[in-house]
$ cat my_file_33.txt   # compact mmCIF, C-alpha atoms and all ligand atoms
# COMPACT_ATOMS: atom_id res chain seq x y z
CA MET A 1 76.88 162.24 -40.24
CA LEU A 2 77.87 165.16 -42.45
CA LYS A 3 81.62 165.16 -41.86
CA GLU A 4 83.56 166.42 -44.89
CA LYS A 5 80.37 167.69 -46.53
CA THR A 6 79.96 171.30 -47.59
CA ILE A 7 76.46 172.72 -47.62
CA LEU A 8 75.50 176.04 -49.08
CA LEU A 9 72.44 177.30 -47.23
CA GLY A 10 70.42 179.91 -49.11
CA VAL A 11 68.01 181.89 -46.96
CA THR A 12 65.28 183.98 -48.59
CA GLY A 13 62.87 186.55 -47.18
CA GLY A 14 60.06 184.85 -45.32
CA ILE A 15 59.00 184.62 -41.69
CA ALA A 16 60.26 181.01 -41.65
CA ALA A 17 63.83 182.38 -41.94
CA TYR A 18 64.14 181.82 -38.19
CA LYS A 19 63.80 178.07 -38.81
CA ALA A 20 66.87 178.24 -41.05
CA VAL A 21 68.89 179.15 -37.94
CA GLU A 22 67.94 175.85 -36.29
CA LEU A 23 68.60 174.01 -39.55
CA LEU A 24 72.09 175.52 -39.70
CA ARG A 25 72.71 174.38 -36.12
CA LEU A 26 71.75 170.81 -37.05
CA TYR A 27 74.12 170.84 -40.04
CA VAL A 28 77.01 172.19 -37.97
CA LYS A 29 76.34 169.69 -35.17
CA ALA A 30 76.46 166.88 -37.74
CA GLY A 31 79.93 168.03 -38.85
CA ALA A 32 79.14 169.89 -42.08
CA GLU A 33 80.97 172.99 -43.28
CA VAL A 34 78.19 175.49 -44.01
CA PHE A 35 78.28 178.71 -46.01
CA VAL A 36 75.22 180.92 -45.87
CA VAL A 37 73.93 183.17 -48.62
CA MET A 38 71.10 185.51 -47.67
CA THR A 39 68.88 187.56 -49.94
CA LYS A 40 68.09 191.19 -49.06
CA GLY A 41 64.62 190.05 -47.94
CA ALA A 42 66.07 187.42 -45.61
CA CYS A 43 68.16 190.10 -43.85
CA GLU A 44 64.89 191.84 -42.91
CA PHE A 45 63.89 188.82 -40.83
CA VAL A 46 67.16 187.53 -39.31
CA THR A 47 70.53 189.23 -39.17
CA PRO A 48 73.55 187.85 -41.04
CA LEU A 49 75.44 187.97 -37.73
CA THR A 50 73.27 185.13 -36.37
CA PHE A 51 74.17 182.84 -39.28
CA GLN A 52 77.79 183.98 -39.26
CA THR A 53 78.20 183.22 -35.56
CA LEU A 54 76.62 179.76 -35.83
CA SER A 55 78.32 178.72 -39.07
CA GLY A 56 81.73 180.12 -38.20
CA ASN A 57 81.96 181.40 -41.79
CA PRO A 58 81.32 184.83 -43.30
CA VAL A 59 77.76 185.25 -44.54
CA HIS A 60 77.32 186.40 -48.12
CA THR A 61 74.60 188.80 -49.09
CA GLU A 62 75.69 190.75 -52.15
CA LEU A 63 76.75 189.90 -55.67
CA PHE A 64 78.73 193.06 -56.28
CA ASN A 65 80.52 193.40 -52.97
CA LEU A 66 84.23 193.52 -53.76
CA TYR A 67 85.30 192.34 -50.33
CA GLN A 68 82.90 189.35 -50.29
CA GLU A 69 83.78 188.49 -53.88
CA ARG A 70 87.52 188.53 -53.12
CA GLU A 71 86.99 186.44 -49.95
CA ILE A 72 85.19 183.58 -51.64
CA GLY A 73 83.33 184.61 -54.81
CA HIS A 74 79.99 183.35 -56.02
CA ILE A 75 81.44 180.83 -58.47
CA SER A 76 83.60 179.37 -55.75
CA LEU A 77 80.53 179.13 -53.49
CA ALA A 78 78.67 177.32 -56.24
CA ASP A 79 81.59 174.97 -56.92
CA ARG A 80 82.51 173.93 -53.41
CA ALA A 81 79.00 172.84 -52.30
CA ASP A 82 78.08 169.16 -52.09
CA LEU A 83 74.48 170.30 -51.73
CA VAL A 84 72.65 173.62 -51.94
CA VAL A 85 69.64 173.99 -49.64
CA VAL A 86 67.31 176.95 -50.01
CA ALA A 87 65.28 177.25 -46.80
CA PRO A 88 62.89 178.93 -46.63
CA ALA A 89 62.42 179.28 -50.38
CA THR A 90 59.98 182.01 -51.42
CA ALA A 91 57.80 181.90 -54.54
CA ASN A 92 60.14 184.63 -55.83
CA ILE A 93 63.38 182.59 -55.75
CA ILE A 94 61.63 179.52 -57.17
CA GLY A 95 60.10 181.67 -59.92
CA LYS A 96 63.48 183.23 -60.71
CA VAL A 97 65.29 179.92 -61.02
CA ALA A 98 62.45 178.41 -63.06
CA GLY A 99 62.67 181.43 -65.36
CA GLY A 100 66.45 181.19 -65.70
CA LEU A 101 67.04 184.53 -63.97
CA ALA A 102 70.20 185.35 -62.04
CA ASP A 103 70.07 188.87 -60.66
CA ASP A 104 71.39 188.56 -57.11
CA LEU A 105 73.98 186.46 -55.29
CA LEU A 106 71.69 183.52 -54.45
CA SER A 107 70.03 183.19 -57.86
CA THR A 108 73.43 183.57 -59.58
CA THR A 109 74.94 180.89 -57.35
CA LEU A 110 71.99 178.59 -58.04
CA MET A 111 72.50 179.12 -61.76
CA ALA A 112 76.22 178.36 -61.50
CA THR A 113 76.16 175.29 -59.26
CA LYS A 114 76.36 171.72 -60.46
CA ALA A 115 75.52 170.41 -56.98
CA PRO A 116 72.06 168.99 -56.23
CA VAL A 117 69.64 171.67 -54.99
CA LEU A 118 66.95 171.21 -52.34
CA PHE A 119 64.19 173.82 -52.11
CA VAL A 120 62.12 174.13 -48.94
CA PRO A 121 59.18 176.31 -50.00
CA ALA A 122 57.32 178.37 -47.39
CA MET A 123 54.64 180.88 -48.30
CA ASN A 124 51.00 181.90 -48.03
CA VAL A 125 48.60 179.08 -49.01
CA ASN A 126 47.13 181.06 -51.93
CA MET A 127 50.59 181.77 -53.31
CA TYR A 128 51.46 178.08 -52.92
CA GLU A 129 48.31 177.00 -54.74
CA ASN A 130 48.70 179.60 -57.48
CA PRO A 131 49.05 177.71 -60.79
CA LEU A 132 52.01 179.91 -61.71
CA TYR A 133 53.90 178.77 -58.61
CA GLN A 134 52.83 175.15 -59.11
CA ALA A 135 54.03 175.23 -62.72
CA ASN A 136 57.40 176.63 -61.61
CA GLN A 137 57.88 173.89 -59.00
CA LYS A 138 56.87 171.19 -61.50
CA LYS A 139 59.30 172.57 -64.07
CA LEU A 140 62.15 172.57 -61.57
CA GLU A 141 61.31 169.02 -60.41
CA GLU A 142 61.47 167.90 -64.02
CA PHE A 143 64.93 169.45 -64.26
CA GLY A 144 66.04 167.39 -61.21
CA TYR A 145 65.70 169.97 -58.43
CA HIS A 146 64.50 168.49 -55.13
CA PHE A 147 61.69 169.80 -52.93
CA VAL A 148 60.50 169.22 -49.38
CA GLU A 149 56.76 169.78 -49.39
CA PRO A 150 55.43 172.49 -47.06
CA VAL A 151 53.12 171.36 -44.26
CA THR A 152 49.57 172.40 -43.45
CA GLY A 153 48.81 174.62 -40.48
CA TYR A 154 48.28 178.19 -39.28
CA LEU A 155 50.39 180.54 -41.38
CA ALA A 156 51.99 183.73 -40.12
CA CYS A 157 49.81 185.73 -42.54
CA GLY A 158 46.68 184.59 -40.69
CA TRP A 159 45.53 182.03 -43.24
CA GLU A 160 45.33 178.32 -42.55
CA GLY A 161 46.48 175.84 -45.17
CA LYS A 162 49.50 174.33 -46.89
CA GLY A 163 52.53 176.60 -46.94
CA LYS A 164 54.35 176.24 -43.62
CA MET A 165 58.03 175.33 -43.70
CA PRO A 166 58.45 171.83 -42.21
CA GLU A 167 60.37 171.49 -38.96
CA PRO A 168 64.17 171.78 -39.42
CA LEU A 169 64.64 168.12 -38.42
CA ALA A 170 62.56 167.01 -41.43
CA VAL A 171 64.71 169.14 -43.76
CA PHE A 172 67.86 167.82 -42.08
CA GLU A 173 66.71 164.23 -42.70
CA GLU A 174 66.04 164.97 -46.37
CA THR A 175 69.52 166.49 -46.58
CA LEU A 176 71.04 163.30 -45.20
CA ARG A 177 69.10 161.29 -47.77
CA LEU A 178 70.38 163.41 -50.65
CA LEU A 179 73.97 163.09 -49.43
CA SER A 180 73.86 159.34 -48.69
CA PRO A 181 74.73 156.48 -51.03
CA GLN A 182 71.46 154.96 -52.25
CA ASP A 183 72.73 151.42 -51.70
CA LEU A 184 69.42 150.20 -50.26
CA SER A 185 67.28 151.44 -53.12
CA GLY A 186 64.92 148.71 -54.26
CA GLU A 187 64.89 147.15 -50.77
CA THR A 188 61.93 147.19 -48.41
CA VAL A 189 63.19 147.17 -44.84
CA LEU A 190 60.77 146.20 -42.08
CA VAL A 191 62.02 147.43 -38.70
CA THR A 192 60.49 146.88 -35.27
CA ALA A 193 61.28 149.25 -32.42
CA GLY A 194 60.36 150.14 -28.88
CA PRO A 195 58.79 148.15 -26.07
CA THR A 196 55.46 146.39 -25.95
CA ARG A 197 52.93 146.87 -23.16
CA GLU A 198 50.99 143.95 -21.79
CA GLU A 199 47.94 145.12 -19.91
CA LEU A 200 47.05 143.90 -16.45
CA ASP A 201 43.95 146.06 -16.13
CA PRO A 202 42.82 149.35 -17.76
CA VAL A 203 45.48 151.38 -15.87
CA ARG A 204 48.47 149.05 -15.44
CA TYR A 205 50.79 147.13 -17.73
CA LEU A 206 54.02 145.11 -17.87
CA SER A 207 56.72 146.59 -20.07
CA ASN A 208 60.46 147.35 -20.28
CA TYR A 209 62.85 150.28 -20.64
CA SER A 210 63.12 150.34 -24.43
CA SER A 211 62.86 153.91 -25.77
CA GLY A 212 62.75 152.91 -29.44
CA LYS A 213 65.92 154.94 -30.19
CA MET A 214 67.86 152.02 -31.69
CA GLY A 215 65.05 150.85 -33.98
CA TYR A 216 64.14 154.39 -35.07
CA ALA A 217 67.80 155.08 -35.91
CA ILE A 218 67.81 152.00 -38.15
CA ALA A 219 64.57 153.07 -39.82
CA ARG A 220 65.89 156.60 -40.47
CA ALA A 221 69.23 155.37 -41.79
CA ALA A 222 67.60 152.81 -44.11
CA ARG A 223 65.34 155.50 -45.54
CA GLN A 224 68.35 157.83 -46.02
CA ARG A 225 70.03 155.05 -48.00
CA GLY A 226 67.12 154.69 -50.38
CA ALA A 227 65.04 151.86 -48.89
CA ARG A 228 61.31 151.85 -48.54
CA VAL A 229 60.92 151.53 -44.77
CA ILE A 230 58.07 150.12 -42.70
CA LEU A 231 58.50 150.77 -38.99
CA VAL A 232 56.36 148.76 -36.58
CA SER A 233 56.67 150.65 -33.34
CA GLY A 234 55.64 149.99 -29.79
CA PRO A 235 54.76 153.02 -27.64
CA THR A 236 57.60 155.58 -27.68
CA ALA A 237 57.99 159.35 -27.28
CA LEU A 238 59.99 159.68 -30.53
CA PRO A 239 58.96 161.77 -33.55
CA VAL A 240 57.82 159.83 -36.61
CA PRO A 241 60.76 159.65 -39.05
CA CYS A 242 60.13 161.40 -42.38
CA GLY A 243 59.29 159.26 -45.35
CA VAL A 244 58.83 156.15 -43.23
CA GLU A 245 55.56 154.18 -43.06
CA VAL A 246 54.89 153.86 -39.33
CA VAL A 247 52.53 151.29 -37.82
CA GLN A 248 51.85 151.99 -34.15
CA VAL A 249 51.16 149.00 -31.93
CA VAL A 250 50.94 148.46 -28.18
CA SER A 251 51.09 144.76 -27.31
CA ALA A 252 53.23 141.84 -28.47
CA ARG A 253 50.12 140.35 -30.06
CA GLN A 254 49.54 143.53 -32.12
CA MET A 255 53.21 143.68 -33.07
CA ARG A 256 53.09 140.11 -34.32
CA GLU A 257 50.00 140.82 -36.44
CA ALA A 258 51.49 144.01 -37.89
CA VAL A 259 54.77 142.28 -38.77
CA MET A 260 53.19 139.15 -40.26
CA GLU A 261 50.78 141.20 -42.39
CA ARG A 262 53.71 143.06 -43.95
CA LEU A 263 56.31 140.31 -44.18
CA ALA A 264 55.60 139.49 -47.83
CA LYS A 265 56.50 143.06 -48.85
CA ALA A 266 59.84 143.04 -47.00
CA THR A 267 63.24 142.07 -48.36
CA VAL A 268 65.01 142.76 -45.04
CA VAL A 269 63.60 142.46 -41.49
CA VAL A 270 65.37 144.00 -38.49
CA LYS A 271 63.85 143.20 -35.10
CA ALA A 272 65.20 145.78 -32.67
CA ALA A 273 62.03 145.86 -30.55
CA ALA A 274 62.07 144.68 -26.98
CA VAL A 275 59.00 142.45 -27.17
CA ALA A 276 57.56 141.22 -23.89
CA ASP A 277 58.21 137.51 -23.40
CA TYR A 278 55.27 137.17 -21.03
CA ARG A 279 51.88 138.78 -20.56
CA PRO A 280 49.28 138.48 -17.78
CA ALA A 281 47.26 135.34 -18.44
CA GLU A 282 44.14 137.37 -17.70
CA ARG A 283 43.42 141.05 -18.12
CA SER A 284 41.00 142.48 -15.56
CA GLU A 285 38.23 144.49 -17.25
CA GLN A 286 38.12 146.82 -14.23
CA LYS A 287 40.91 148.51 -12.29
CA ILE A 288 42.20 146.10 -9.66
CA LYS A 289 41.33 147.76 -6.34
CA LYS A 290 43.54 148.26 -3.32
CA GLY A 291 42.77 145.60 -0.78
CA GLN A 292 42.55 142.92 -3.46
CA GLU A 293 46.32 142.32 -3.11
CA ALA A 294 45.84 139.38 -0.78
CA GLU A 295 44.13 137.45 -3.53
CA LEU A 296 46.33 138.89 -6.27
CA GLY A 297 48.73 136.32 -7.65
CA LEU A 298 50.03 137.31 -11.06
CA THR A 299 49.81 134.45 -13.52
CA LEU A 300 51.76 134.99 -16.73
CA GLU A 301 51.62 133.28 -20.10
CA LYS A 302 54.18 133.29 -22.90
CA THR A 303 53.78 135.63 -25.85
CA THR A 304 54.54 134.37 -29.34
CA ASP A 305 58.21 134.73 -30.23
CA ILE A 306 57.74 136.80 -33.40
CA LEU A 307 61.37 136.49 -34.49
CA ALA A 308 61.35 132.71 -34.13
CA GLU A 309 58.15 132.57 -36.18
CA LEU A 310 59.74 134.78 -38.85
CA GLY A 311 62.72 132.44 -38.93
CA GLN A 312 60.35 129.57 -39.71
CA CYS A 313 58.26 131.24 -42.39
CA LYS A 314 60.72 133.61 -44.10
CA THR A 315 61.33 133.04 -47.80
CA THR A 316 63.99 135.26 -49.34
CA GLN A 317 64.11 137.91 -46.59
CA LEU A 318 67.33 138.69 -44.78
CA LEU A 319 66.48 138.29 -41.10
CA VAL A 320 68.32 140.31 -38.46
CA GLY A 321 67.63 139.95 -34.74
CA PHE A 322 68.88 141.66 -31.61
CA ALA A 323 69.79 139.95 -28.37
CA ALA A 324 69.61 141.96 -25.17
CA GLU A 325 71.80 140.17 -22.64
CA THR A 326 73.18 140.82 -19.18
CA THR A 327 75.38 137.68 -18.98
CA ASP A 328 77.18 135.37 -21.44
CA LEU A 329 76.57 137.81 -24.29
CA VAL A 330 78.10 135.87 -27.15
CA GLU A 331 76.90 132.37 -26.13
CA ASN A 332 73.32 133.51 -25.57
CA ALA A 333 73.22 135.58 -28.75
CA ARG A 334 74.64 132.74 -30.86
CA LYS A 335 72.02 130.38 -29.47
CA LYS A 336 69.30 132.85 -30.57
CA LEU A 337 70.90 133.23 -34.02
CA GLU A 338 70.74 129.48 -34.53
CA THR A 339 67.41 128.56 -32.92
CA LYS A 340 65.59 131.48 -34.56
CA ASN A 341 67.19 130.84 -37.98
CA LEU A 342 68.65 134.33 -38.41
CA ASP A 343 71.20 135.67 -40.88
CA LEU A 344 72.73 138.09 -38.40
CA ILE A 345 72.25 138.94 -34.74
CA VAL A 346 73.21 142.11 -32.91
CA ALA A 347 74.38 141.13 -29.44
CA ASN A 348 73.70 143.93 -27.02
CA ASP A 349 75.23 143.99 -23.53
CA VAL A 350 72.45 145.84 -21.73
CA SER A 351 74.19 145.69 -18.35
CA ARG A 352 76.40 148.66 -19.42
CA SER A 353 75.24 152.13 -18.50
CA ASP A 354 76.33 153.54 -21.89
CA ALA A 355 74.67 150.86 -24.03
CA GLY A 356 71.31 149.23 -24.54
CA PHE A 357 68.09 150.66 -23.21
CA ASP A 358 67.21 154.35 -23.49
CA VAL A 359 70.73 155.86 -23.83
CA ASP A 360 71.88 157.50 -27.09
CA THR A 361 74.91 155.23 -27.52
CA ASN A 362 75.31 151.51 -28.02
CA ALA A 363 78.09 148.92 -27.94
CA VAL A 364 77.30 145.77 -29.90
CA ARG A 365 78.87 142.65 -31.32
CA LEU A 366 77.64 141.34 -34.68
CA LEU A 367 77.38 137.56 -35.03
CA TYR A 368 77.02 135.87 -38.42
CA ARG A 369 75.71 132.48 -39.53
CA ASP A 370 79.14 131.27 -40.65
CA GLY A 371 80.38 131.51 -37.06
CA SER A 372 82.30 134.78 -37.49
CA SER A 373 81.69 137.86 -35.40
CA GLU A 374 82.92 141.45 -35.08
CA GLU A 375 82.80 143.93 -32.26
CA LEU A 376 81.84 147.55 -32.89
CA PRO A 377 83.21 150.22 -30.56
CA LEU A 378 80.93 152.42 -28.47
CA LEU A 379 79.04 154.52 -31.03
CA SER A 380 75.95 156.68 -31.23
CA LYS A 381 72.85 154.67 -32.12
CA ASP A 382 72.78 156.50 -35.49
CA GLU A 383 76.32 155.25 -36.20
CA VAL A 384 75.48 151.71 -35.06
CA ALA A 385 72.52 151.82 -37.46
CA GLN A 386 74.75 152.88 -40.37
CA GLN A 387 77.35 150.20 -39.58
CA LEU A 388 74.64 147.55 -39.33
CA LEU A 389 73.18 148.63 -42.68
CA ASP A 390 76.67 148.44 -44.26
CA ARG A 391 76.73 144.75 -43.22
CA ILE A 392 73.17 144.21 -44.44
CA VAL A 393 74.03 145.69 -47.86
CA ARG A 394 77.06 143.37 -48.05
CA LEU A 395 75.01 140.31 -47.07
CA ARG A 396 72.28 141.20 -49.58
CA CYS A 397 74.94 141.47 -52.32
CA THR A 398 76.36 138.05 -51.50
CA THR A 399 72.96 136.34 -51.21
CA ALA A 400 71.21 138.07 -54.16
O1 LIG B 501 64.92 150.99 -27.69
P1 LIG B 501 66.23 151.44 -27.07
O2 LIG B 501 66.04 152.18 -25.76
O3 LIG B 501 67.07 152.21 -28.05
O4 LIG B 501 67.05 150.13 -26.67
C1 LIG B 501 67.56 149.29 -27.65
C2 LIG B 501 67.39 147.81 -27.30
C3 LIG B 501 68.22 147.49 -26.08
C4 LIG B 501 65.91 147.50 -27.02
C5 LIG B 501 67.87 147.00 -28.56
O5 LIG B 501 69.20 147.32 -28.83
C6 LIG B 501 67.75 145.51 -28.33
O6 LIG B 501 68.63 144.86 -27.81
N1 LIG B 501 66.59 144.91 -28.76
C7 LIG B 501 66.21 143.54 -28.49
C8 LIG B 501 65.58 143.42 -27.16
C9 LIG B 501 65.08 142.01 -26.86
O7 LIG B 501 63.90 141.81 -26.71
O8 LIG B 501 66.02 141.10 -26.84
P2 LIG B 501 65.74 139.52 -26.55
O9 LIG B 501 67.08 138.95 -26.44
O10 LIG B 501 64.78 139.37 -25.43
O11 LIG B 501 65.03 139.03 -27.88
C10 LIG B 501 65.75 138.51 -28.98
C11 LIG B 501 65.09 138.88 -30.27
O12 LIG B 501 63.80 138.27 -30.35
C12 LIG B 501 64.87 140.36 -30.48
O13 LIG B 501 65.15 140.68 -31.83
C13 LIG B 501 63.38 140.55 -30.19
O14 LIG B 501 62.81 141.61 -30.98
C14 LIG B 501 62.79 139.21 -30.62
N2 LIG B 501 61.59 138.80 -29.87
C15 LIG B 501 61.64 138.57 -28.53
C16 LIG B 501 60.50 138.15 -27.86
C17 LIG B 501 59.31 137.95 -28.60
N3 LIG B 501 58.20 137.56 -28.00
N4 LIG B 501 59.29 138.19 -29.92
C18 LIG B 501 60.42 138.60 -30.56
O15 LIG B 501 60.40 138.83 -31.78
$ encode --input "my_file_33.txt" --output "structure tokens"
Amino acid sequence: MLKEKTILLGVTGGIAAYKAVELLRLYVKAGAEVFVVMTKGACEFVTPLTFQTLSGNPVHTELFNLYQEREIGHISLADRADLVVVAPATANIIGKVAGGLADDLLSTTLMATKAPVLFVPAMNVNMYENPLYQANQKKLEEFGYHFVEPVTGYLACGWEGKGKMPEPLAVFEETLRLLSPQDLSGETVLVTAGPTREELDPVRYLSNYSSGKMGYAIARAARQRGARVILVSGPTALPVPCGVEVVQVVSARQMREAVMERLAKATVVVKAAAVADYRPAERSEQKIKKGQEAELGLTLEKTTDILAELGQCKTTQLLVGFAAETTDLVENARKKLETKNLDLIVANDVSRSDAGFDVDTNAVRLLYRDGSSEELPLLSKDEVAQQLLDRIVRLRCTTA
């Protein structure tokens, strides 16, 4: 996701410096080249050796170190970055930059760079709420600097309140957004994900193996590319993606209601959820007891096909469906594309062990209304999401 991107990670002196280690790991795993600059204060919390080992690059700490300057130089550091991330960012570094000061390697590099800068503030709640700090942040935002808001919780100083550095994954996602083309800006993408559960009694339900990974990957990728994203999610164990409006539902009936209520706002709908086709015709109010099996015949009734209903009532929305198949992939998917009045369908061979339900990879074929189709190779679900959004952007351009 970050191949060929260079990130300069500035680490300043706060207890959250340990979270910068995990953030660095995420950047490196995503393929970025990362250079780390640490302030003197940061070195009190985590050693440069940790960052050096994980980044595979020398860590820079001093402005007037002849060896470090000859190796790379602060201007070169400032020039080669696609993005500068300061995490954690203390009130001190934010105050310095807001005041136009450049008296150490990090503040000098921040002054010299033309790359976008993302600050991840972390500090005591009273410092964060101090009007001086707030004025500095506001000033920097007006100059085009980006911020990830701190979260509320117990702070290392013993206080409780806003000031905690968000989890590294949230900062990573914001980084992806800043480095992505904003080709979905202005779009509202409604995504469904995960399974539905159809209750039999208070302790049992019918469901399927959907983990939500595919739908969540689409929601994250659409948000990175500038869309407003509404994610209607069945029960999953996945973290809520940052910056995405999430509507939690359980049953097919609830999913239908949630989708229909929000349809008018959407310009693109992607239905990756594995919605139950059937539910128990009757739900027992009490737990069905052992010994009742003899009289237990399970009668099922059909749920509403939400996608088919969307196909009937859509106006200008681009409608994308998925088809989970174990046989006759293309024929079955094409039938769904036509009968449900879709613009595009993602045919998913769920009989493969490396594709479909629960795994991190997927192998899909994209089928279009004009009869054409294209096969994507086995990719991570994040990559499938990006490729699918490329096609959606293209279709939106041709239909707009
Ligand atoms: O969640 P993961 O573990 O990452 O797995 C991903 C996935 C396999 C669930 C996903 O890639 C996928 O294929 N989703 C569609 C699953 C499905 O229900 O397929 P289907 O062929 O039964 O349904 C066709 C389409 O109609 C789907 O877009 C589905 O959301 C929709 N549908 C189905 C039934 C129903 N009552 N209402 C619907 O809207």
$ residues_near_point --input "my_file_33.txt" --point "(68.4, 169.9, -56.5)" --cutoff "6 Å" --atoms "all atoms listed in the file" --output "ChimeraX atom specification"
/A:116-118,144-146
$ residues_around --input "my_file_33.txt" --residues "Thr12 in chain A" --least-positions-apart "4" --cutoff "6 Å" --atoms "all atoms listed in the file" --output "PyMOL selection string"
chain A and resi 39+42+88-89
$ closest_residue --input "my_file_33.txt" --among "A:Phe35, A:Tyr368, A:Phe119, A:Phe322" --to "ligand LIG 501 (chain B)" --atoms "only C-alpha atoms and all ligand atoms"
A:Phe322
$ residues_near_ligand --input "my_file_33.txt" --ligand "ligand LIG 501 (chain B)" --cutoff "8 Å" --atoms "only C-alpha atoms and all ligand atoms" --output "JSON, numbers by chain"
{"A": [192, 193, 194, 195, 209, 210, 211, 212, 213, 214, 215, 216, 252, 256, 270, 271, 272, 273, 274, 275, 276, 277, 278, 302, 303, 304, 305, 306, 307, 308, 309, 320, 321, 322, 323, 324, 325, 333, 336, 345, 346, 347, 348, 349, 350, 355, 356, 357, 358, 359, 360, 362, 381]}
$ closest_atom_pairs --input "my_file_33.txt" --of "range 127-192 of chain A" --to "range 223-230 of chain A" --cutoff "12 Å" --atoms "all atoms listed in the file" --output "CSV"
residue,atom,partner,partner_atom,distance
A:Ala170,CA,A:Gln224,CA,11.8
A:Phe172,CA,A:Gln224,CA,10.8
A:Glu173,CA,A:Gln224,CA,7.4
A:Glu174,CA,A:Gln224,CA,7.5
A:Thr175,CA,A:Gln224,CA,8.8
A:Leu176,CA,A:Gln224,CA,6.2
A:Arg177,CA,A:Gln224,CA,3.9
A:Leu178,CA,A:Gln224,CA,7.5
A:Leu179,CA,A:Gln224,CA,8.4
A:Ser180,CA,A:Arg225,CA,5.8
A:Pro181,CA,A:Arg225,CA,5.8
A:Gln182,CA,A:Arg225,CA,4.5
A:Asp183,CA,A:Arg225,CA,5.8
A:Leu184,CA,A:Ala227,CA,4.9
A:Ser185,CA,A:Gly226,CA,4.3
A:Gly186,CA,A:Ala227,CA,6.2
A:Glu187,CA,A:Ala227,CA,5.1
A:Thr188,CA,A:Arg228,CA,4.7
A:Val189,CA,A:Val229,CA,4.9
A:Leu190,CA,A:Ile230,CA,4.8
A:Val191,CA,A:Ile230,CA,6.2
A:Thr192,CA,A:Ile230,CA,8.5
$ atom_distance --input "my_file_33.txt" --atom1 "CA of Ile218 in chain A" --atom2 "CA of Thr196 in chain A"
18.2 Å
$ closest_residue --input "my_file_33.txt" --among "A:Ala281, A:Val148, A:Ala78, A:Cys397" --to "Ile7 in chain A" --atoms "all atoms listed in the file"
A:Ala78
$ atom_distance --input "my_file_33.txt" --atom1 "CA of Met127 in chain A" --atom2 "CA of Thr50 in chain A"
28.5 Å
$ atom_distance --input "my_file_33.txt" --atom1 "CA of Thr47 in chain A" --atom2 "CA of Leu23 in chain A"
15.3 Å
$ axis_aligned_box --input "my_file_33.txt" --around "range 177-196 of chain A" --padding-each-side "8 Å" --output "AutoDock Vina command-line options"
--center_x 65.1 --center_y 154.8 --center_z -40.1 --size_x 35.3 --size_y 33.2 --size_z 44.3
$ closest_residue --input "my_file_33.txt" --among "A:Lys5, A:Arg253, A:Arg365, A:Arg80" --to "Thr109 in chain A" --atoms "all atoms listed in the file"
A:Arg80
$ closest_residue --input "my_file_33.txt" --among "A:Ala30, A:Leu106, A:Leu155, A:Leu318" --to "Ile75 in chain A" --atoms "all atoms listed in the file"
A:Leu106
$ closest_residue --input "my_file_33.txt" --among "A:Glu4, A:Gly56, A:Thr361, A:Val330" --to "Asp382 in chain A" --atoms "only C-alpha atoms"
A:Thr361
$ closest_residue --input "my_file_33.txt" --among "A:Leu310, A:Met38, A:Ala264, A:Glu160" --to "Asp104 in chain A" --atoms "only C-alpha atoms"
A:Met38
$ residues_around --input "my_file_33.txt" --residues "Val37 in chain A" --least-positions-apart "5" --cutoff "6 Å" --atoms "all atoms listed in the file" --output "ChimeraX atom specification"
/A:10,59-61
$ decode --input "my_file_33.txt" --residues "range 98-107 of chain A" --atoms "N, CA and C atoms" --output "compact mmCIF listing (two decimals), in the first residue's frame"
# COMPACT_ATOMS: atom_id res chain seq x y z
N ALA A 98 4.53 26.38 15.05
CA ALA A 98 3.56 27.48 14.93
C ALA A 98 4.26 28.83 15.09
N GLY A 99 5.34 28.84 15.88
CA GLY A 99 6.07 30.10 16.09
C GLY A 99 7.17 30.32 15.07
N GLY A 100 7.32 29.41 14.14
CA GLY A 100 8.35 29.58 13.10
C GLY A 100 9.76 29.31 13.60
N LEU A 101 9.90 28.54 14.69
CA LEU A 101 11.23 28.27 15.23
C LEU A 101 11.83 27.01 14.61
N ALA A 102 13.14 27.01 14.49
CA ALA A 102 13.84 25.85 13.95
C ALA A 102 15.17 25.75 14.67
N ASP A 103 15.17 25.07 15.83
CA ASP A 103 16.39 25.06 16.63
C ASP A 103 16.91 23.66 16.92
N ASP A 104 16.33 22.65 16.28
CA ASP A 104 16.91 21.30 16.37
C ASP A 104 16.62 20.59 15.05
N LEU A 105 17.05 19.35 14.93
CA LEU A 105 16.94 18.69 13.63
C LEU A 105 15.48 18.55 13.16
N LEU A 106 14.59 18.15 14.07
CA LEU A 106 13.20 17.93 13.64
C LEU A 106 12.53 19.25 13.25
N SER A 107 12.66 20.27 14.10
CA SER A 107 11.97 21.53 13.77
C SER A 107 12.58 22.16 12.51
